[in-house]
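First comes the structure, then the notes that go with it.
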Number of protein chains: 2
Amino acid sequence: MKATAAASPNLAIIKYWGKRDELLKLPYHDSISVTLDKSLRSITTVEFSPTNKEDTMTLDGKAADEKEKKNIRLVLDYIRSKAKKELKATIKSENNFPKASGMASSSSGYAALAVAASKALDLQLTQQELSIAARIGSGSACRSVIGGFVQWKKGNEKDGSDSHALQIADENHWEEFRIVTGIISNAPKLIGSTEGMKRTVETSRLYQERLANMPGTVSGIKKAIIEKDAETFFELAMKESNSLHSVMMDSYPPIIYLNDSSRQIIAKVHQLNETEGKTVAGYTFDAGPNAHIFTLAKNENDIKGLLNEIEGLKGINVSVPGKGPEIIHD
Amino acid sequence: MKATAAASPNLAIIKYWGKRDELLKLPYHDSISVTLDKSLRSITTVEFSPTNKEDTMTLDGKAADEKEKKNIRLVLDYIRSKAKKELKATIKSENNFPKASGMASSSSGYAALAVAASKALDLQLTQQELSIAARIGSGSACRSVIGGFVQWKKGNEKDGSDSHALQIADENHWEEFRIVTGIISNAPKLIGSTEGMKRTVETSRLYQERLANMPGTVSGIKKAIIEKDAETFFELAMKESNSLHSVMMDSYPPIIYLNDSSRQIIAKVHQLNETEGKTVAGYTFDAGPNAHIFTLAKNENDIKGLLNEIEGLKGINVSVPGKGPEIIHD
């Protein structure tokens with residue numbers, strides 16, 4: 001009744017921003033991401049035992065905080081209900097990547113948890129069930145149970161049974177594809193995602209319009225991935241990031257994650273595309289100032305050069321599309 | 001056939017951002033501003049003479065550039081058509097305020113031009129005609145031909161004959177009202193307003209929604225001015241500024257005027273309001289990083305204190321609602 005699984009974080013091209021159900025982490029719209037390679041991954045061991053009196057969790061050597069405990073229990077409860085078992089678990093999770101990678105660890109952490117817990121109880125869950133289990137812990141984690149390019153279908157059911165990820169294309173589909181991250185800050189978010197997205201949904205008068213435009217954005221990005229249409233992909237990724245940061249700015253009080261270094265990067269990417277006479281790169285920003293720049297292998301060095309000119313740059317990380325979770329021990 | 005007029009710049013609470021007619025400067029929506037007091041003003045002398053072969057213009061001791069020349073001629077042509085005279089003019093315009101005041105001089109300059117040119121030809125134009133003359137030179141100037149709190153009605157006619165400013169309340173209506181400007185940068189705009197608003201109209205997918213919401217914003221701010229409802233006024237001013245900077249961000253390529261100092265000011269104003277338990281101040285940002293903070297006299301020192309803590313602050317300017325243009329010599 002013990003298993004260890006590894007999963008990699010995913011980087012969203014269309015971000016998850018706005019929950020229609022807080023507890024079940026059900027989103028207002030679909031999102032799309034790329035699962036990163038295993039140079040970045042969370043490794044999670046779950047052991048169920050009849051002698052455990054309660055669930056205990058250690059994350060990177062430290063006890064989980066209250067919010068983490070609650071979300072981990074939600075995942076375990078889902079897995080236990082599938083297994084029809086009431087055993088308590090001991091959980092240990094570690095990231096092989098430093099926080100300074102500019103990548104959030106929650107997506108990989110909860111994906112590894114769902115896979116390890118399911119394996120530990122010898123369940124044969126479908127990919128969709130694993131995706132739902134991970135989603136209940138942390139929304140975006142539902143995309144990390146699948147490799148390559150992934151779409152999270154928002155679903156329509158109240159219980160979230162149709163809100164899970166599906167693969168658009170696997171990790172070998174687009175070999176030239178690169179994600180170059182310019183790390184600007186390792187500080188915790190000024191405003192956590194949960195609070196931030198709630199504020200946007202409740203106060204932004206432009207958010208509904210963003211939702212209305214979303215199906216077109218989703219199908220456009222999906223098509224660009226399938227056709228490996230780099231120029232369209234980069235352009236749509238930038239527009240989508242800008243739209244997200246617009247509705248954050250339109251929230252009250254406004255949520256502003258981009259700083260002067262981020263602004264410089266945005267300007268330089270547009271300058272580069274202008275100089276090249278075509279769109280050779282596109283940025284995206286999550287809930288923070290770090291810039292994730294999509295490009296192709298042949299332009300990777302241009303992007304590194306561009307980032308190295310940015311004041312306040314703390315580091316650069318390069319990643320490629322990676323596989324879904326792996327069982328390491330069982 | 002010579003006259004000198006003085007006019008003060010206005011600060012928009014609802015900005016003019018988006019032209020339905022480029023040449024006539026006709027906007028997509030109403031805007032609201034406060035005309036500033038005469039510590040800031042442009043002084044413009046216009047002299048028509050049968051011996052002039054062409055219009056000549058000197059602005060702050062320098063020859064006008066091509067864009068300024070074109071816009072000044074548009075104003076003169078409107079005035080000449082009203083006077084049914086074909087005389088050429090010599091124009092000299094100076095600002096008594098430094099660029100470092102954080103205030104744009106075009107609104108006061110074109111208002112003073114319209115008033116001086118009309119007087120020089122002994123025309124008895126109505127305030128609405130003067131407003132239209134100034135608008136043709138620089139859209140926002142149409143609000144500077146009137147003192148106090150001013151609304152620019154967008155109008156519906158193709159020729160712009162119903163697109164002019166009207167007074168909401170005069171300069172004595174709200175004695176406690178203060179505008180405290182935190183000057184962050186005197187550098188020219190990264191992207192000029194003309195180009196910026198064009199880009200927003202053409203590319204932002206959220207702009208139409210902003211337009212759809214605008215009538216409610218206009219009536220809300222107007223009502224708050226008439227009722228001197230400071231809390232509502234400050235809150236609506238902040239939301240309106242945030243909405244504007246949202247659609248700028250949603251433009252492609254994005255237009256980002258706010259910098260880290262602006263962000264700090266935004267955060268500190270919200271903190272102050274939080275601490276006070278009510279909205280005692282509200283910020284607004286034009287097409288640049290300078291913060292204009294609306295407050296009441298009793299909180300003026302709190303705002304100065306807040307600004308003095310901002311990294312990168314270059315200066316502070318305090319203004320109150322002021323009168324419309326004056327004829328200085330004729």
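Labeling convention for the structure tokens: chains A, B, ... as they appear, residues from 1 per chain, ligands from 1 in order of appearance.
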Output the contact residues of chain B with respect to chain A at a cut-off of 7 Å, based on only C-alpha atoms, as a PDB file with N, CA, C and O atoms, in the first residue's frame.
```
ATOM      1  N   LEU B 206     -11.427  43.742 -25.667  1.00  0.00           N
ATOM      2  CA  LEU B 206     -12.211  44.157 -24.503  1.00  0.00           C
ATOM      3  C   LEU B 206     -12.721  45.595 -24.630  1.00  0.00           C
ATOM      4  O   LEU B 206     -13.543  46.043 -23.836  1.00  0.00           O
ATOM      5  N   GLU B 209     -16.479  46.286 -24.812  1.00  0.00           N
ATOM      6  CA  GLU B 209     -17.157  46.088 -23.535  1.00  0.00           C
ATOM      7  C   GLU B 209     -16.954  47.321 -22.649  1.00  0.00           C
ATOM      8  O   GLU B 209     -17.864  47.750 -21.943  1.00  0.00           O
ATOM      9  N   LYS B 239     -11.526  52.961 -10.590  1.00  0.00           N
ATOM     10  CA  LYS B 239     -12.008  51.884 -11.461  1.00  0.00           C
ATOM     11  C   LYS B 239     -11.912  52.283 -12.931  1.00  0.00           C
ATOM     12  O   LYS B 239     -11.589  51.462 -13.782  1.00  0.00           O
ATOM     13  N   ASN B 242      -8.295  52.121 -14.012  1.00  0.00           N
ATOM     14  CA  ASN B 242      -7.891  50.721 -14.179  1.00  0.00           C
ATOM     15  C   ASN B 242      -8.481  50.114 -15.458  1.00  0.00           C
ATOM     16  O   ASN B 242      -7.804  49.358 -16.158  1.00  0.00           O
ATOM     17  N   SER B 243      -9.715  50.447 -15.745  1.00  0.00           N
ATOM     18  CA  SER B 243     -10.352  49.940 -16.963  1.00  0.00           C
ATOM     19  C   SER B 243      -9.608  50.431 -18.211  1.00  0.00           C
ATOM     20  O   SER B 243      -9.351  49.669 -19.149  1.00  0.00           O
ATOM     21  N   SER B 246      -6.393  48.665 -18.549  1.00  0.00           N
ATOM     22  CA  SER B 246      -6.685  47.282 -18.961  1.00  0.00           C
ATOM     23  C   SER B 246      -6.773  47.168 -20.474  1.00  0.00           C
ATOM     24  O   SER B 246      -6.158  46.274 -21.053  1.00  0.00           O
ATOM     25  N   VAL B 247      -7.559  48.035 -21.087  1.00  0.00           N
ATOM     26  CA  VAL B 247      -7.715  47.897 -22.539  1.00  0.00           C
ATOM     27  C   VAL B 247      -6.430  48.301 -23.260  1.00  0.00           C
ATOM     28  O   VAL B 247      -6.153  47.820 -24.358  1.00  0.00           O
ATOM     29  N   MET B 249      -3.476  47.459 -22.057  1.00  0.00           N
ATOM     30  CA  MET B 249      -2.738  46.198 -21.921  1.00  0.00           C
ATOM     31  C   MET B 249      -3.259  45.136 -22.876  1.00  0.00           C
ATOM     32  O   MET B 249      -2.512  44.284 -23.359  1.00  0.00           O
ATOM     33  N   ASP B 250      -4.554  45.197 -23.171  1.00  0.00           N
ATOM     34  CA  ASP B 250      -5.181  44.208 -24.048  1.00  0.00           C
ATOM     35  C   ASP B 250      -4.957  44.539 -25.526  1.00  0.00           C
ATOM     36  O   ASP B 250      -5.364  43.784 -26.410  1.00  0.00           O
ATOM     37  N   TYR B 252      -2.639  45.185 -28.978  1.00  0.00           N
ATOM     38  CA  TYR B 252      -1.551  44.358 -29.509  1.00  0.00           C
ATOM     39  C   TYR B 252      -0.708  45.120 -30.513  1.00  0.00           C
ATOM     40  O   TYR B 252      -1.245  45.562 -31.523  1.00  0.00           O
ATOM     41  N   PRO B 254       0.876  45.231 -26.627  1.00  0.00           N
ATOM     42  CA  PRO B 254       0.276  45.893 -25.470  1.00  0.00           C
ATOM     43  C   PRO B 254       0.900  47.266 -25.198  1.00  0.00           C
ATOM     44  O   PRO B 254       2.071  47.489 -25.496  1.00  0.00           O
ATOM     45  N   ASN B 259       4.521  52.129 -14.451  1.00  0.00           N
ATOM     46  CA  ASN B 259       5.777  51.463 -14.096  1.00  0.00           C
ATOM     47  C   ASN B 259       5.768  51.077 -12.611  1.00  0.00           C
ATOM     48  O   ASN B 259       4.729  51.178 -11.948  1.00  0.00           O
ATOM     49  N   ASP B 260       6.913  50.606 -12.116  1.00  0.00           N
ATOM     50  CA  ASP B 260       6.942  50.108 -10.741  1.00  0.00           C
ATOM     51  C   ASP B 260       6.575  51.196  -9.727  1.00  0.00           C
ATOM     52  O   ASP B 260       5.962  50.904  -8.696  1.00  0.00           O
TER      53      ASP B 260
END
```
_segment 134-138 of chain A surroundings by only C-alpha atoms, 6 Å radius, close-in-sequence under 5 positions cut, as a VMD selection string_ = chain A and resid 24 to 25 71 to 72 75 110 to 111 114
Next, dump the selected residues to file, keeping only N, CA, C and O atoms, as a compact mmCIF listing (two decimals), in the first residue's frame.
```
# COMPACT_ATOMS: atom_id res chain seq x y z
N LEU A 24 -14.49 22.37 -5.54
CA LEU A 24 -14.17 21.36 -6.55
C LEU A 24 -13.19 21.87 -7.61
O LEU A 24 -12.79 21.12 -8.49
N LYS A 25 -12.82 23.16 -7.53
CA LYS A 25 -11.92 23.77 -8.51
C LYS A 25 -12.43 23.58 -9.93
O LYS A 25 -11.75 23.02 -10.80
N ASN A 71 -6.40 20.59 0.92
CA ASN A 71 -6.45 20.18 -0.49
C ASN A 71 -5.93 18.76 -0.70
O ASN A 71 -6.47 18.01 -1.52
N ILE A 72 -4.90 18.39 0.05
CA ILE A 72 -4.38 17.02 -0.04
C ILE A 72 -5.44 16.03 0.43
O ILE A 72 -5.68 14.99 -0.20
N VAL A 75 -8.00 15.28 -2.19
CA VAL A 75 -7.52 14.32 -3.20
C VAL A 75 -7.59 12.90 -2.62
O VAL A 75 -8.10 11.96 -3.27
N TYR A 110 0.40 17.92 -6.97
CA TYR A 110 -0.91 17.26 -6.85
C TYR A 110 -1.10 16.17 -7.91
O TYR A 110 -1.81 15.19 -7.68
N ALA A 111 -0.47 16.34 -9.07
CA ALA A 111 -0.55 15.28 -10.09
C ALA A 111 0.18 14.03 -9.59
O ALA A 111 -0.35 12.91 -9.69
N ALA A 114 -1.94 12.32 -6.86
CA ALA A 114 -3.09 11.55 -7.36
C ALA A 114 -2.62 10.20 -7.92
O ALA A 114 -3.22 9.15 -7.64
```
*Please identify all polymer residues within 12 Å of Ala120 of chain B, counting only C-alpha atoms, omitting same-chain residues fewer than 6 positions from it, and present them as an NGL selection string.*
:B and (1-5 or 44-49 or 76 or 79-80 or 83 or 85 or 87-91 or 112-114 or 327-330)
Based on the selection just made, write N, CA, C and O atoms of those residues as a tab-separated table (two decimals), in the first residue's frame.
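File produced: again25.tsv:
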```tsv
chain	number	residue	atom	x	y	z
B	1	MET	N	-6.56	93.19	-34.68
B	1	MET	CA	-6.67	91.77	-35.04
B	1	MET	C	-5.65	90.92	-34.28
B	1	MET	O	-5.09	89.96	-34.79
B	2	LYS	N	-5.44	91.31	-33.03
B	2	LYS	CA	-4.50	90.59	-32.17
B	2	LYS	C	-5.15	90.37	-30.80
B	2	LYS	O	-5.82	91.28	-30.28
B	3	ALA	N	-4.96	89.19	-30.25
B	3	ALA	CA	-5.48	88.93	-28.90
B	3	ALA	C	-4.62	87.88	-28.21
B	3	ALA	O	-4.01	87.03	-28.88
B	4	THR	N	-4.59	87.96	-26.89
B	4	THR	CA	-3.86	86.98	-26.09
B	4	THR	C	-4.84	86.36	-25.09
B	4	THR	O	-5.60	87.08	-24.43
B	5	ALA	N	-4.81	85.04	-25.02
B	5	ALA	CA	-5.69	84.34	-24.07
B	5	ALA	C	-4.89	83.33	-23.26
B	5	ALA	O	-3.85	82.84	-23.71
B	44	THR	N	-1.44	82.22	-25.05
B	44	THR	CA	-1.31	82.17	-26.51
B	44	THR	C	-1.73	83.50	-27.13
B	44	THR	O	-2.80	84.02	-26.80
B	45	THR	N	-0.86	84.03	-27.98
B	45	THR	CA	-1.17	85.27	-28.70
B	45	THR	C	-1.38	84.94	-30.17
B	45	THR	O	-0.57	84.20	-30.76
B	46	VAL	N	-2.46	85.46	-30.71
B	46	VAL	CA	-2.75	85.25	-32.14
B	46	VAL	C	-2.88	86.62	-32.79
B	46	VAL	O	-3.60	87.48	-32.28
B	47	GLU	N	-2.17	86.83	-33.88
B	47	GLU	CA	-2.31	88.08	-34.62
B	47	GLU	C	-2.54	87.77	-36.10
B	47	GLU	O	-1.71	87.12	-36.74
B	48	PHE	N	-3.69	88.22	-36.59
B	48	PHE	CA	-3.99	88.04	-38.01
B	48	PHE	C	-3.52	89.29	-38.74
B	48	PHE	O	-3.65	90.41	-38.21
B	49	SER	N	-2.99	89.13	-39.92
B	49	SER	CA	-2.56	90.31	-40.67
B	49	SER	C	-2.65	90.04	-42.17
B	49	SER	O	-2.32	88.94	-42.63
B	76	LEU	N	-7.41	77.22	-36.81
B	76	LEU	CA	-7.49	78.53	-37.48
B	76	LEU	C	-8.51	78.50	-38.62
B	76	LEU	O	-9.29	79.44	-38.80
B	79	ILE	N	-11.97	78.85	-37.27
B	79	ILE	CA	-12.22	80.23	-36.83
B	79	ILE	C	-12.38	81.14	-38.06
B	79	ILE	O	-13.28	81.98	-38.12
B	80	ARG	N	-11.49	80.96	-39.04
B	80	ARG	CA	-11.58	81.79	-40.26
B	80	ARG	C	-12.90	81.57	-40.99
B	80	ARG	O	-13.50	82.50	-41.53
B	83	ALA	N	-15.49	83.51	-39.32
B	83	ALA	CA	-15.33	84.96	-39.54
B	83	ALA	C	-15.46	85.33	-41.02
B	83	ALA	O	-15.52	86.51	-41.35
B	85	LYS	N	-13.16	85.17	-43.16
B	85	LYS	CA	-11.95	85.92	-43.51
B	85	LYS	C	-10.85	84.93	-43.85
B	85	LYS	O	-10.81	83.82	-43.31
B	87	LEU	N	-7.42	85.63	-43.61
B	87	LEU	CA	-6.14	86.16	-43.13
B	87	LEU	C	-5.26	85.09	-42.51
B	87	LEU	O	-5.75	84.19	-41.84
B	88	LYS	N	-3.96	85.23	-42.71
B	88	LYS	CA	-3.03	84.30	-42.08
B	88	LYS	C	-2.62	84.85	-40.71
B	88	LYS	O	-2.65	86.07	-40.48
B	89	ALA	N	-2.21	83.93	-39.81
B	89	ALA	CA	-1.94	84.35	-38.43
B	89	ALA	C	-0.50	84.08	-37.99
B	89	ALA	O	0.15	83.16	-38.49
B	90	THR	N	-0.07	84.90	-37.05
B	90	THR	CA	1.18	84.65	-36.34
B	90	THR	C	0.80	84.24	-34.92
B	90	THR	O	0.01	84.93	-34.26
B	91	ILE	N	1.31	83.09	-34.51
B	91	ILE	CA	0.92	82.54	-33.20
B	91	ILE	C	2.14	82.33	-32.33
B	91	ILE	O	3.16	81.81	-32.78
B	112	ALA	N	-6.51	77.88	-25.40
B	112	ALA	CA	-6.09	79.29	-25.45
B	112	ALA	C	-6.04	79.77	-26.91
B	112	ALA	O	-6.43	80.91	-27.21
B	113	LEU	N	-5.59	78.91	-27.79
B	113	LEU	CA	-5.54	79.26	-29.22
B	113	LEU	C	-6.94	79.59	-29.76
B	113	LEU	O	-7.14	80.61	-30.44
B	114	ALA	N	-7.90	78.71	-29.46
B	114	ALA	CA	-9.26	78.91	-29.97
B	114	ALA	C	-9.83	80.23	-29.45
B	114	ALA	O	-10.42	81.02	-30.22
B	327	ILE	N	-9.21	86.31	-21.42
B	327	ILE	CA	-8.54	87.17	-22.39
B	327	ILE	C	-7.58	88.05	-21.60
B	327	ILE	O	-7.98	88.70	-20.62
B	328	ILE	N	-6.33	88.05	-21.96
B	328	ILE	CA	-5.34	88.86	-21.23
B	328	ILE	C	-5.15	90.22	-21.91
B	328	ILE	O	-5.17	91.25	-21.26
B	329	HIS	N	-4.97	90.21	-23.20
B	329	HIS	CA	-4.90	91.47	-23.96
B	329	HIS	C	-5.79	91.33	-25.17
B	329	HIS	O	-5.91	90.25	-25.71
B	330	ASP	N	-6.36	92.42	-25.59
B	330	ASP	CA	-6.98	92.39	-26.93
B	330	ASP	C	-6.90	93.78	-27.53
B	330	ASP	O	-6.03	94.57	-27.18
```
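Least-squares fitting of chain A to chain B, using all C-alpha atoms matched in order, gives an RMSD of 0.0 Å.
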_Polymer residues at most 10 Å from segment 297-303 of chain A, only C-alpha atoms, same-chain spacing of 3 or more positions, as a PyMOL selection string_ = chain A and resi 175-182+265+268-269+272+280-281+293-294+306-308+316+318+320
*Please run DSSP on the backbone and report, as an MDAnalysis selection string, all residues within segment 50-288 of chain B that come out as strand (DSSP E).*
chainID B and resid 56:59 62:63 88:95 149:153 164:169 177:183 281:285
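Using only C-alpha atoms, the residues found no farther than 7 Å from segment 31-34 of chain A, other than those of its own chain fewer than 2 positions away, are Asn10, Leu11, Ala12, Ile13, Ile14, Lys15, Tyr16, His29, Leu36, Gly148, Phe149, Val150, Gln151, Trp152 and Pro321 of chain A.
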Preceding selection exported with N, CA and C atoms as a CSV table (one decimal), in the first residue's frame:
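Saved as part_37.csv:
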```csv
chain,number,residue,atom,x,y,z
A,10,ASN,N,3.2,22.0,-15.3
A,10,ASN,CA,2.9,22.4,-16.7
A,10,ASN,C,2.8,23.9,-16.7
A,11,LEU,N,3.1,24.4,-17.9
A,11,LEU,CA,3.0,25.9,-18.1
A,11,LEU,C,1.8,26.2,-19.0
A,12,ALA,N,0.9,27.0,-18.4
A,12,ALA,CA,-0.3,27.3,-19.2
A,12,ALA,C,-0.1,28.3,-20.3
A,13,ILE,N,-0.7,28.0,-21.4
A,13,ILE,CA,-0.7,29.0,-22.5
A,13,ILE,C,-2.0,29.8,-22.4
A,14,ILE,N,-3.1,29.1,-22.1
A,14,ILE,CA,-4.3,29.7,-21.6
A,14,ILE,C,-4.4,29.4,-20.1
A,15,LYS,N,-4.4,30.4,-19.3
A,15,LYS,CA,-4.4,30.2,-17.9
A,15,LYS,C,-5.7,29.9,-17.3
A,16,TYR,N,-5.7,29.2,-16.2
A,16,TYR,CA,-6.9,28.9,-15.4
A,16,TYR,C,-7.1,30.1,-14.5
A,29,HIS,N,-13.7,28.5,-17.8
A,29,HIS,CA,-13.4,28.3,-19.2
A,29,HIS,C,-12.3,27.2,-19.3
A,36,LEU,N,6.0,20.1,-18.8
A,36,LEU,CA,7.4,20.3,-19.0
A,36,LEU,C,8.2,19.0,-18.8
A,148,GLY,N,2.9,16.3,-22.9
A,148,GLY,CA,2.8,17.1,-24.1
A,148,GLY,C,1.9,18.3,-23.9
A,149,PHE,N,1.1,18.5,-25.0
A,149,PHE,CA,0.2,19.6,-25.0
A,149,PHE,C,-1.2,19.2,-24.5
A,150,VAL,N,-1.8,19.9,-23.6
A,150,VAL,CA,-2.9,19.4,-22.9
A,150,VAL,C,-4.0,20.4,-22.8
A,151,GLN,N,-5.3,20.0,-22.9
A,151,GLN,CA,-6.4,20.9,-22.8
A,151,GLN,C,-7.3,20.4,-21.6
A,152,TRP,N,-7.6,21.4,-20.7
A,152,TRP,CA,-8.5,21.1,-19.6
A,152,TRP,C,-9.9,21.6,-20.0
A,321,PRO,N,8.7,20.2,-24.1
A,321,PRO,CA,7.5,19.4,-23.7
A,321,PRO,C,7.9,18.1,-23.1
```
*asked:* Please list as a list of chain:residue names every residue within 10 Å of Ser108 of chain A, counting only C-alpha atoms and excluding residues in the same chain fewer than 4 positions away.
replied: A:Ala6, A:Ala7, A:Ser8, A:Pro9, A:Asn10, A:Thr35, A:Leu36, A:Leu40, A:Arg41, A:Ser42, A:Ile43, A:Thr44, A:Asn95, A:Met103, A:Ala104, A:Ala112, A:Leu113, A:Ala134, A:Ser138, A:Ser140, A:Ala141, A:Cys142, A:Arg143, A:Ser144, A:Val145, A:Gly324, A:Pro325
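As for atom CA of Gly322 of chain A and atom CA of Glu171 of chain A, they are spaced 5.2 Å apart.
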*Assign secondary structure with DSSP using the backbone only, and return the residues of segment 17-244 of chain B in helix (DSSP H, G or I) as number ranges by chain.*
B: 66-83, 99-101, 106-120, 127-137, 139-143, 193-203, 207-226, 230-244
*Find the spatial neighbours of Lys223 of chain A, counting only C-alpha atoms, within a cut-off of 12 Å - ignore same-chain residues fewer than 2 positions away - and output them as number ranges by chain.*
A: 32, 149, 151, 168-169, 216-221, 225-230, 232-233, 236
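Between Leu74 of chain B and the candidates B:Ile132, B:Ile183, B:Met197, B:Leu313, the tightest atom-to-atom separation, counting only C-alpha atoms, involves B:Ile132.
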